[in-house]
file work25.csv (CSV, C-alpha atoms and all ligand atoms)
chain,number,residue,atom,x,y,z
A,1373,MET,CA,37.7,60.9,16.1
A,1374,GLU,CA,39.1,61.0,12.7
A,1375,ILE,CA,36.8,62.8,10.2
A,1376,GLN,CA,36.2,60.8,7.0
A,1377,LYS,CA,36.4,62.3,3.5
A,1378,SER,CA,33.3,62.3,1.3
A,1379,THR,CA,31.0,61.7,4.3
A,1380,LEU,CA,27.9,63.5,5.5
A,1381,TYR,CA,27.5,63.7,9.3
A,1382,ILE,CA,24.1,64.3,10.7
A,1383,VAL,CA,24.7,66.3,13.9
A,1384,ALA,CA,22.2,66.8,16.7
A,1385,THR,CA,22.3,70.2,18.3
A,1386,PRO,CA,20.5,71.5,21.5
A,1387,ILE,CA,16.8,72.3,21.8
A,1388,GLY,CA,17.5,75.2,24.1
A,1389,ASN,CA,20.3,74.9,26.6
A,1390,LEU,CA,23.5,75.2,24.6
A,1391,GLU,CA,25.3,73.0,27.0
A,1392,ASP,CA,23.3,70.0,25.8
A,1393,VAL,CA,25.7,69.1,23.0
A,1394,THR,CA,28.1,66.2,22.8
A,1395,TYR,CA,31.9,66.4,22.6
A,1396,ARG,CA,31.7,64.5,19.4
A,1397,ALA,CA,29.2,66.9,17.8
A,1398,VAL,CA,31.4,69.9,18.5
A,1399,GLN,CA,34.5,68.1,17.2
A,1400,VAL,CA,32.7,67.1,14.0
A,1401,LEU,CA,31.5,70.7,13.5
A,1402,LYS,CA,35.1,71.9,13.9
A,1403,ASP,CA,36.5,69.3,11.6
A,1404,VAL,CA,34.1,69.3,8.6
A,1405,ASP,CA,34.7,71.4,5.5
A,1406,ALA,CA,31.2,73.0,5.5
A,1407,ILE,CA,28.0,72.8,7.4
A,1408,ILE,CA,24.5,72.5,5.9
A,1409,CYS,CA,21.9,74.3,8.0
A,1410,GLU,CA,18.5,75.9,8.1
A,1411,ASP,CA,18.8,79.5,9.4
A,1412,THR,CA,22.4,80.5,8.9
A,1413,ARG,CA,22.1,83.1,11.8
A,1414,VAL,CA,21.0,80.4,14.2
A,1415,THR,CA,23.9,78.1,13.2
A,1416,ALA,CA,26.4,81.0,13.2
A,1417,ARG,CA,25.5,81.7,16.9
A,1418,LEU,CA,25.8,78.1,17.8
A,1419,LEU,CA,29.3,77.8,16.2
A,1420,GLU,CA,30.4,81.0,17.9
A,1421,ARG,CA,29.4,79.5,21.3
A,1422,TYR,CA,31.4,76.3,20.6
A,1423,GLU,CA,34.4,78.2,19.2
A,1424,VAL,CA,34.1,76.5,15.9
A,1425,PRO,CA,36.2,78.4,13.3
A,1426,ARG,CA,34.2,80.2,10.6
A,1427,LYS,CA,33.4,78.0,7.7
A,1428,THR,CA,31.0,77.8,4.8
A,1429,LEU,CA,27.3,77.5,5.7
A,1430,ILE,CA,25.1,76.0,3.1
A,1431,PRO,CA,21.4,76.9,3.6
A,1432,HIS,CA,18.9,74.0,3.4
A,1433,TYR,CA,15.3,74.9,3.9
A,1434,LYS,CA,12.2,72.8,4.5
A,1435,ASN,CA,10.2,72.4,1.2
A,1436,GLN,CA,13.2,73.7,-0.8
A,1437,GLU,CA,15.6,70.9,-0.1
A,1438,ALA,CA,16.2,70.1,-3.8
A,1439,LYS,CA,18.1,73.4,-4.2
A,1440,SER,CA,20.9,72.4,-1.9
A,1441,ILE,CA,21.4,68.9,-3.2
A,1442,ALA,CA,23.6,69.6,-6.3
A,1443,PRO,CA,26.2,71.7,-4.4
A,1444,VAL,CA,26.3,69.2,-1.6
A,1445,LEU,CA,26.9,66.2,-3.9
A,1446,GLU,CA,29.6,68.2,-5.8
A,1447,ARG,CA,31.4,68.9,-2.5
A,1448,LEU,CA,31.2,65.2,-1.4
A,1449,GLN,CA,32.5,64.2,-4.9
A,1450,ASN,CA,35.4,66.5,-4.3
A,1451,GLY,CA,36.3,64.6,-1.1
A,1452,GLU,CA,34.9,67.1,1.4
A,1453,SER,CA,33.3,66.1,4.7
A,1454,LEU,CA,30.1,67.8,5.6
A,1455,ALA,CA,27.8,68.2,8.6
A,1456,LEU,CA,24.0,68.7,8.5
A,1457,VAL,CA,22.4,70.5,11.4
A,1458,SER,CA,18.9,71.8,11.9
A,1459,ASP,CA,17.9,74.9,14.0
A,1460,ALA,CA,17.3,72.7,17.0
A,1461,GLY,CA,17.6,69.1,18.0
A,1462,THR,CA,18.0,66.2,15.7
A,1463,PRO,CA,17.8,66.7,11.9
A,1464,GLY,CA,15.2,64.5,10.4
A,1465,ILE,CA,12.9,64.6,13.4
A,1466,SER,CA,10.2,67.0,12.2
A,1467,ASP,CA,13.0,68.9,10.5
A,1468,PRO,CA,14.7,68.9,7.1
A,1469,GLY,CA,17.1,65.9,6.8
A,1470,TYR,CA,15.4,63.0,5.2
A,1471,TYR,CA,15.5,64.2,1.6
A,1472,MET,CA,19.2,65.2,1.8
A,1473,VAL,CA,20.1,61.9,3.4
A,1474,SER,CA,18.2,59.9,0.8
A,1475,GLU,CA,19.9,61.8,-2.1
A,1476,VAL,CA,23.3,61.4,-0.6
A,1477,VAL,CA,22.8,57.7,0.0
A,1478,LYS,CA,21.5,57.3,-3.5
A,1479,ALA,CA,24.7,58.9,-4.8
A,1480,GLY,CA,26.7,56.3,-3.0
A,1481,PHE,CA,28.2,58.5,-0.2
A,1482,THR,CA,28.4,57.6,3.5
A,1483,VAL,CA,26.0,59.2,6.0
A,1484,GLU,CA,26.9,59.0,9.7
A,1485,PRO,CA,24.8,59.9,12.8
A,1486,ILE,CA,26.1,62.1,15.6
A,1487,PRO,CA,23.2,61.6,18.0
A,1488,GLY,CA,22.0,63.9,20.7
A,1489,VAL,CA,18.9,65.8,21.9
A,1490,THR,CA,15.4,65.6,20.6
A,1491,ALA,CA,12.4,67.2,22.2
A,1492,ALA,CA,10.3,64.0,22.1
A,1493,THR,CA,12.9,61.9,24.0
A,1494,ALA,CA,13.6,64.7,26.5
A,1495,LEU,CA,9.9,64.6,27.4
A,1496,LEU,CA,9.7,60.8,27.5
A,1497,SER,CA,12.6,60.7,29.8
A,1498,VAL,CA,10.5,62.5,32.5
A,1499,SER,CA,7.3,60.7,31.7
A,1500,HIS,CA,5.1,59.4,34.6
A,1501,ILE,CA,2.9,57.8,31.9
A,1502,PRO,CA,3.9,54.2,30.8
A,1503,ASN,CA,6.0,54.7,27.7
A,1504,GLY,CA,7.3,51.3,26.8
A,1505,HIS,CA,5.6,51.8,23.5
A,1506,PHE,CA,4.8,55.2,22.0
A,1507,TYR,CA,3.9,56.6,18.6
A,1508,PHE,CA,5.7,59.7,17.4
A,1509,GLU,CA,3.3,61.9,15.4
A,1510,GLY,CA,5.1,65.3,15.6
A,1511,PHE,CA,3.1,68.1,14.0
A,1512,LEU,CA,-0.5,67.4,13.0
A,1513,PRO,CA,-1.4,68.8,9.5
A,1514,HIS,CA,-2.6,72.4,10.0
A,1515,LYS,CA,-5.8,72.2,8.0
A,1516,LYS,CA,-6.6,69.4,5.5
A,1517,GLY,CA,-6.5,65.9,7.1
A,1518,ARG,CA,-6.1,67.1,10.7
A,1519,GLN,CA,-9.4,65.6,11.9
A,1520,THR,CA,-8.8,62.4,10.0
A,1521,ARG,CA,-5.4,62.1,11.7
A,1522,LEU,CA,-6.9,62.8,15.2
A,1523,LYS,CA,-9.5,60.1,14.7
A,1524,PHE,CA,-6.9,57.6,13.6
A,1525,LEU,CA,-4.5,58.5,16.5
A,1526,LYS,CA,-7.2,58.3,19.3
A,1527,ASP,CA,-7.4,54.5,18.8
A,1528,MET,CA,-3.6,53.8,19.0
A,1529,ASP,CA,-2.8,51.1,21.6
A,1530,CYS,CA,0.0,53.3,23.0
A,1531,GLY,CA,0.7,56.9,24.0
A,1532,VAL,CA,1.2,59.5,21.2
A,1533,ILE,CA,3.8,62.3,21.1
A,1534,PHE,CA,2.9,65.6,19.4
A,1535,TYR,CA,4.9,68.7,18.6
A,1536,GLU,CA,3.0,72.0,18.7
A,1537,SER,CA,3.8,75.7,18.4
A,1538,THR,CA,2.9,78.5,20.7
A,1539,HIS,CA,0.1,79.8,18.5
A,1540,ARG,CA,-1.9,76.6,18.3
A,1541,ILE,CA,-1.4,75.0,21.8
A,1542,MET,CA,-4.9,75.9,23.1
A,1543,LYS,CA,-6.6,74.8,19.9
A,1544,PHE,CA,-4.6,71.6,20.0
A,1545,LEU,CA,-5.5,70.8,23.7
A,1546,GLY,CA,-9.2,71.5,22.9
A,1547,GLU,CA,-9.0,69.0,20.0
A,1548,ILE,CA,-7.3,66.4,22.1
A,1549,LEU,CA,-10.1,66.8,24.7
A,1550,GLU,CA,-12.7,66.5,21.9
A,1551,PHE,CA,-11.2,63.5,20.0
A,1552,PHE,CA,-9.3,61.6,22.7
A,1553,GLY,CA,-11.3,62.4,25.8
A,1554,ASP,CA,-10.0,63.7,29.2
A,1555,ARG,CA,-6.9,61.5,29.3
A,1556,GLU,CA,-3.7,61.8,31.3
A,1557,ILE,CA,-1.1,63.9,29.5
A,1558,LEU,CA,2.4,65.2,29.9
A,1559,VAL,CA,3.2,68.6,28.4
A,1560,GLY,CA,6.7,70.0,28.1
A,1561,ARG,CA,7.0,73.7,27.4
A,1562,GLU,CA,10.4,75.3,26.5
A,1563,LEU,CA,12.3,72.2,27.7
A,1564,THR,CA,15.9,72.9,28.8
A,1565,LYS,CA,15.2,76.7,28.6
A,1566,ILE,CA,14.8,79.3,31.3
A,1567,HIS,CA,11.0,79.1,31.3
A,1568,GLU,CA,10.8,75.3,31.2
A,1569,THR,CA,7.4,74.0,32.3
A,1570,ILE,CA,6.5,70.4,32.8
A,1571,PHE,CA,2.7,69.9,33.2
A,1572,ARG,CA,1.3,66.5,34.4
A,1573,GLY,CA,-2.5,65.9,34.6
A,1574,THR,CA,-5.6,65.5,32.5
A,1575,VAL,CA,-6.3,67.3,29.3
A,1576,SER,CA,-8.9,69.5,30.9
A,1577,GLU,CA,-6.5,70.3,33.8
A,1578,ALA,CA,-3.9,71.3,31.2
A,1579,ILE,CA,-6.3,73.6,29.5
A,1580,ALA,CA,-7.1,75.3,32.8
A,1581,PHE,CA,-3.4,75.5,33.6
A,1582,PHE,CA,-2.3,77.0,30.3
A,1583,GLU,CA,-5.2,79.5,30.3
A,1584,LYS,CA,-3.7,80.9,33.5
A,1585,HIS,CA,0.0,80.5,32.7
A,1586,SER,CA,2.1,81.5,29.8
A,1587,GLN,CA,1.4,79.7,26.5
A,1588,LYS,CA,4.6,81.2,24.9
A,1589,GLY,CA,7.3,78.9,23.5
A,1590,GLU,CA,7.6,75.5,22.1
A,1591,PHE,CA,5.6,72.5,23.2
A,1592,VAL,CA,5.9,68.7,23.1
A,1593,ILE,CA,3.0,66.7,24.4
A,1594,PHE,CA,2.6,63.0,25.3
A,1595,VAL,CA,-1.0,61.8,25.4
A,1596,SER,CA,-1.7,58.5,27.2
A,1597,ASN,CA,-3.8,55.8,25.5
A,1601,LIG,N1,14.4,68.5,15.4
A,1601,LIG,C1,13.7,68.9,16.6
A,1601,LIG,C2,13.8,67.7,17.6
A,1601,LIG,O1,14.8,66.9,17.5
A,1601,LIG,O2,13.0,67.6,18.5
A,1601,LIG,C3,12.3,69.3,16.3
A,1601,LIG,C4,12.2,70.5,15.4
A,1601,LIG,S1,10.5,71.0,15.1
A,1601,LIG,C5,10.8,72.1,13.7
A,1601,LIG,C6,10.3,72.2,16.3
A,1601,LIG,C7,9.2,71.7,17.3
A,1601,LIG,O3,9.9,70.8,18.3
A,1601,LIG,C8,8.7,72.8,18.2
A,1601,LIG,O4,7.6,73.5,17.6
A,1601,LIG,C9,8.2,72.0,19.4
A,1601,LIG,O5,7.0,71.4,19.2
A,1601,LIG,C10,9.3,71.0,19.6
A,1601,LIG,N2,10.4,71.5,20.4
A,1601,LIG,C11,11.6,71.9,20.0
A,1601,LIG,N3,12.3,72.4,21.0
A,1601,LIG,C12,11.5,72.3,22.1
A,1601,LIG,C13,11.7,72.6,23.5
A,1601,LIG,N4,12.8,73.1,23.9
A,1601,LIG,N5,10.7,72.3,24.3
A,1601,LIG,C14,9.5,71.8,23.9
A,1601,LIG,N6,9.3,71.4,22.6
A,1601,LIG,C15,10.3,71.7,21.7
call {"tool": "encode", "arguments": {"input": "work25.csv", "output": "structure tokens", "more": "lines below"}}
Ligand code: SAM
result
Amino acid sequence: MEIQKSTLYIVATPIGNLEDVTYRAVQVLKDVDAIICEDTRVTARLLERYEVPRKTLIPHYKNQEAKSIAPVLERLQNGESLALVSDAGTPGISDPGYYMVSEVVKAGFTVEPIPGVTAATALLSVSHIPNGHFYFEGFLPHKKGRQTRLKFLKDMDCGVIFYESTHRIMKFLGEILEFFGDREILVGRELTKIHETIFRGTVSEAIAFFEKHSQKGEFVIFVSN
């Protein structure tokens, strides 16, 4: 693959197992002039694993995206090719990406996807729940608007995918029981990692299960309609 000048590549990286990366992703990371990332330490580790020669890392944080726009546009203007990665999975999926992409497109540069893993599709791929249609919610708002959102989502005519962190998983499951009822759910914990757990059952069974087993790690949940 020939890397194009003045192009921003959106590169998906693994959500755990570092072997879950495409040949093309590694090639692009090797060939671009600089890489836009979240935590530079996380990306540096990734690059080392894939034997990508050291190169400039441009930090790009959630809620502070505006800061990195000017240097990125200047580099693209100078003919550089750039890659955008997030700490895990696909940029733009509950991760920084959208704002950078919209500004780069507005400035007239090309943006190309280098697709790969995302936690939601990894879970859906092992779903025993019909998933012809699904709604991707990602993270619920932490405080304001959380209940309004749950009330809206309970009436969807398809299953709903949520992202949740280790600290809030039991609260989240309790809320799903309260708002959605005791539906069938699929819970993916630490997918592709050493402690991967895939739970299938009802919401109340999930609560009983995670009360007994570890709640550590990252969670993706598919709630049936
Ligand atoms: N961009 C990522 C993607 O493509 O899925 C999502 C990033 S978002 C900031 C992080 C959340 O994704 C975690 O809190 C968790 O809900 C979910 N997630 C990421 N990796 C996961 C994994 N290995 N297993 C389960 N859920 C995961």
call {"tool": "residues_around", "arguments": {"input": "work25.csv", "residues": "region 1483-1492 of chain A", "least_positions_apart": "4", "cutoff": "8 Å", "atoms": "all atoms listed in the file", "output": "NGL selection string"}}
result
:A and (1379-1387 or 1392-1394 or 1396-1397 or 1461-1462 or 1465 or 1473 or 1476-1477 or 1496 or 1508 or 1533 or 1535 or 1563 or 1592)
call {"tool": "closest_residue", "arguments": {"input": "work25.csv", "among": "A:Glu1562, A:Glu1374, A:Glu1568, A:Glu1550", "to": "ligand LIG 1601 (chain A)", "atoms": "all atoms listed in the file"}}
result
A:Glu1562
call {"tool": "atom_distance", "arguments": {"input": "work25.csv", "atom1": "CA of Ile1593 (chain A)", "atom2": "CA of Arg1572 (chain A)"}}
result
10.1 Å
call {"tool": "closest_residue", "arguments": {"input": "work25.csv", "among": "A:Thr1493, A:Gln1449, A:Ser1499, A:Gln1587", "to": "ligand LIG 1601 (chain A)", "atoms": "all atoms listed in the file"}}
result
A:Thr1493
call {"tool": "residues_around", "arguments": {"input": "work25.csv", "residues": "Asn1597 (chain A)", "least_positions_apart": "4", "cutoff": "8 Å", "atoms": "only C-alpha atoms", "output": "number ranges by chain"}}
result
A: 1526-1532, 1555
call {"tool": "atom_distance", "arguments": {"input": "work25.csv", "atom1": "CA of Phe1552 (chain A)", "atom2": "CA of Ser1466 (chain A)"}}
result
22.8 Å
call {"tool": "residues_around", "arguments": {"input": "work25.csv", "residues": "Arg1421 (chain A)", "least_positions_apart": "6", "cutoff": "10 Å", "atoms": "only C-alpha atoms", "output": "list in words"}}
result
Leu1390, Glu1391 and Thr1415 of chain A
call {"tool": "build_atoms", "arguments": {"input": "work25.csv", "residues": "region 1540-1551 of chain A", "atoms": "all heavy atoms", "output": "mmCIF file, in the frame of the given file"}}
result
data_model
loop_
_atom_site.group_PDB
_atom_site.id
_atom_site.type_symbol
_atom_site.label_atom_id
_atom_site.label_comp_id
_atom_site.auth_asym_id
_atom_site.auth_seq_id
_atom_site.Cartn_x
_atom_site.Cartn_y
_atom_site.Cartn_z
ATOM 1 N N ARG A 1540 -0.760 77.546 18.450
ATOM 2 C CA ARG A 1540 -1.900 76.600 18.300
ATOM 3 C C ARG A 1540 -2.078 75.725 19.539
ATOM 4 O O ARG A 1540 -2.904 74.829 19.504
ATOM 5 C CB ARG A 1540 -1.609 75.717 17.094
ATOM 6 C CG ARG A 1540 -2.091 76.340 15.808
ATOM 7 C CD ARG A 1540 -1.840 75.412 14.644
ATOM 8 N NE ARG A 1540 -0.423 75.306 14.417
ATOM 9 C CZ ARG A 1540 0.247 76.055 13.565
ATOM 10 N NH1 ARG A 1540 -0.388 76.935 12.848
ATOM 11 N NH2 ARG A 1540 1.543 75.922 13.416
ATOM 12 N N ILE A 1541 -1.354 75.985 20.644
ATOM 13 C CA ILE A 1541 -1.400 75.000 21.800
ATOM 14 C C ILE A 1541 -2.806 74.891 22.360
ATOM 15 O O ILE A 1541 -3.264 73.782 22.640
ATOM 16 C CB ILE A 1541 -0.319 75.336 22.844
ATOM 17 C CG1 ILE A 1541 -0.290 74.225 23.892
ATOM 18 C CG2 ILE A 1541 -0.494 76.712 23.457
ATOM 19 C CD1 ILE A 1541 0.129 72.867 23.423
ATOM 20 N N MET A 1542 -3.542 76.014 22.512
ATOM 21 C CA MET A 1542 -4.900 75.900 23.100
ATOM 22 C C MET A 1542 -5.853 75.201 22.214
ATOM 23 O O MET A 1542 -6.645 74.378 22.656
ATOM 24 C CB MET A 1542 -5.385 77.296 23.545
ATOM 25 C CG MET A 1542 -4.556 77.994 24.603
ATOM 26 S SD MET A 1542 -4.109 76.953 26.033
ATOM 27 C CE MET A 1542 -5.645 76.825 26.903
ATOM 28 N N LYS A 1543 -5.750 75.511 20.927
ATOM 29 C CA LYS A 1543 -6.600 74.800 19.900
ATOM 30 C C LYS A 1543 -6.289 73.334 19.972
ATOM 31 O O LYS A 1543 -7.186 72.494 19.999
ATOM 32 C CB LYS A 1543 -6.317 75.407 18.544
ATOM 33 C CG LYS A 1543 -7.031 74.696 17.425
ATOM 34 C CD LYS A 1543 -6.738 75.389 16.074
ATOM 35 C CE LYS A 1543 -7.540 74.727 14.959
ATOM 36 N NZ LYS A 1543 -6.810 73.880 14.096
ATOM 37 N N PHE A 1544 -5.000 73.022 20.018
ATOM 38 C CA PHE A 1544 -4.600 71.600 20.000
ATOM 39 C C PHE A 1544 -5.124 70.886 21.252
ATOM 40 O O PHE A 1544 -5.693 69.797 21.141
ATOM 41 C CB PHE A 1544 -3.023 71.566 20.012
ATOM 42 C CG PHE A 1544 -2.478 70.199 20.285
ATOM 43 C CD1 PHE A 1544 -2.370 69.261 19.275
ATOM 44 C CD2 PHE A 1544 -2.088 69.837 21.575
ATOM 45 C CE1 PHE A 1544 -1.898 67.982 19.535
ATOM 46 C CE2 PHE A 1544 -1.616 68.564 21.842
ATOM 47 C CZ PHE A 1544 -1.522 67.633 20.822
ATOM 48 N N LEU A 1545 -5.000 71.494 22.433
ATOM 49 C CA LEU A 1545 -5.500 70.800 23.700
ATOM 50 C C LEU A 1545 -7.002 70.629 23.604
ATOM 51 O O LEU A 1545 -7.519 69.595 24.020
ATOM 52 C CB LEU A 1545 -5.081 71.638 24.900
ATOM 53 C CG LEU A 1545 -3.576 71.644 25.232
ATOM 54 C CD1 LEU A 1545 -3.275 72.619 26.374
ATOM 55 C CD2 LEU A 1545 -3.066 70.249 25.585
ATOM 56 N N GLY A 1546 -7.705 71.612 23.039
ATOM 57 C CA GLY A 1546 -9.200 71.500 22.900
ATOM 58 C C GLY A 1546 -9.506 70.325 21.968
ATOM 59 O O GLY A 1546 -10.451 69.574 22.238
ATOM 60 N N GLU A 1547 -8.733 70.161 20.915
ATOM 61 C CA GLU A 1547 -9.000 69.000 20.000
ATOM 62 C C GLU A 1547 -8.701 67.690 20.629
ATOM 63 O O GLU A 1547 -9.399 66.715 20.395
ATOM 64 C CB GLU A 1547 -8.136 69.212 18.729
ATOM 65 C CG GLU A 1547 -8.602 70.340 17.839
ATOM 66 C CD GLU A 1547 -7.603 70.654 16.754
ATOM 67 O OE1 GLU A 1547 -6.390 70.486 16.982
ATOM 68 O OE2 GLU A 1547 -8.011 71.072 15.672
ATOM 69 N N ILE A 1548 -7.653 67.659 21.459
ATOM 70 C CA ILE A 1548 -7.300 66.400 22.100
ATOM 71 C C ILE A 1548 -8.457 66.010 23.076
ATOM 72 O O ILE A 1548 -8.880 64.861 23.132
ATOM 73 C CB ILE A 1548 -5.960 66.501 22.887
ATOM 74 C CG1 ILE A 1548 -4.811 66.681 21.892
ATOM 75 C CG2 ILE A 1548 -5.708 65.291 23.779
ATOM 76 C CD1 ILE A 1548 -4.600 65.515 20.944
ATOM 77 N N LEU A 1549 -8.999 67.022 23.784
ATOM 78 C CA LEU A 1549 -10.100 66.800 24.700
ATOM 79 C C LEU A 1549 -11.333 66.228 23.880
ATOM 80 O O LEU A 1549 -11.963 65.245 24.259
ATOM 81 C CB LEU A 1549 -10.500 68.050 25.428
ATOM 82 C CG LEU A 1549 -11.554 67.918 26.519
ATOM 83 C CD1 LEU A 1549 -11.100 66.957 27.604
ATOM 84 C CD2 LEU A 1549 -11.853 69.284 27.142
ATOM 85 N N GLU A 1550 -11.580 66.866 22.752
ATOM 86 C CA GLU A 1550 -12.700 66.500 21.900
ATOM 87 C C GLU A 1550 -12.567 65.073 21.318
ATOM 88 O O GLU A 1550 -13.489 64.260 21.375
ATOM 89 C CB GLU A 1550 -12.884 67.520 20.810
ATOM 90 C CG GLU A 1550 -14.065 67.267 19.900
ATOM 91 C CD GLU A 1550 -14.047 68.217 18.694
ATOM 92 O OE1 GLU A 1550 -13.388 69.288 18.747
ATOM 93 O OE2 GLU A 1550 -14.703 67.855 17.686
ATOM 94 N N PHE A 1551 -11.402 64.792 20.776
ATOM 95 C CA PHE A 1551 -11.200 63.500 20.000
ATOM 96 C C PHE A 1551 -10.769 62.371 20.931
ATOM 97 O O PHE A 1551 -11.157 61.237 20.710
ATOM 98 C CB PHE A 1551 -10.214 63.710 18.894
ATOM 99 C CG PHE A 1551 -10.780 64.456 17.728
ATOM 100 C CD1 PHE A 1551 -10.783 65.844 17.710
ATOM 101 C CD2 PHE A 1551 -11.341 63.778 16.654
ATOM 102 C CE1 PHE A 1551 -11.321 66.544 16.642
ATOM 103 C CE2 PHE A 1551 -11.884 64.471 15.589
ATOM 104 C CZ PHE A 1551 -11.873 65.858 15.568
#
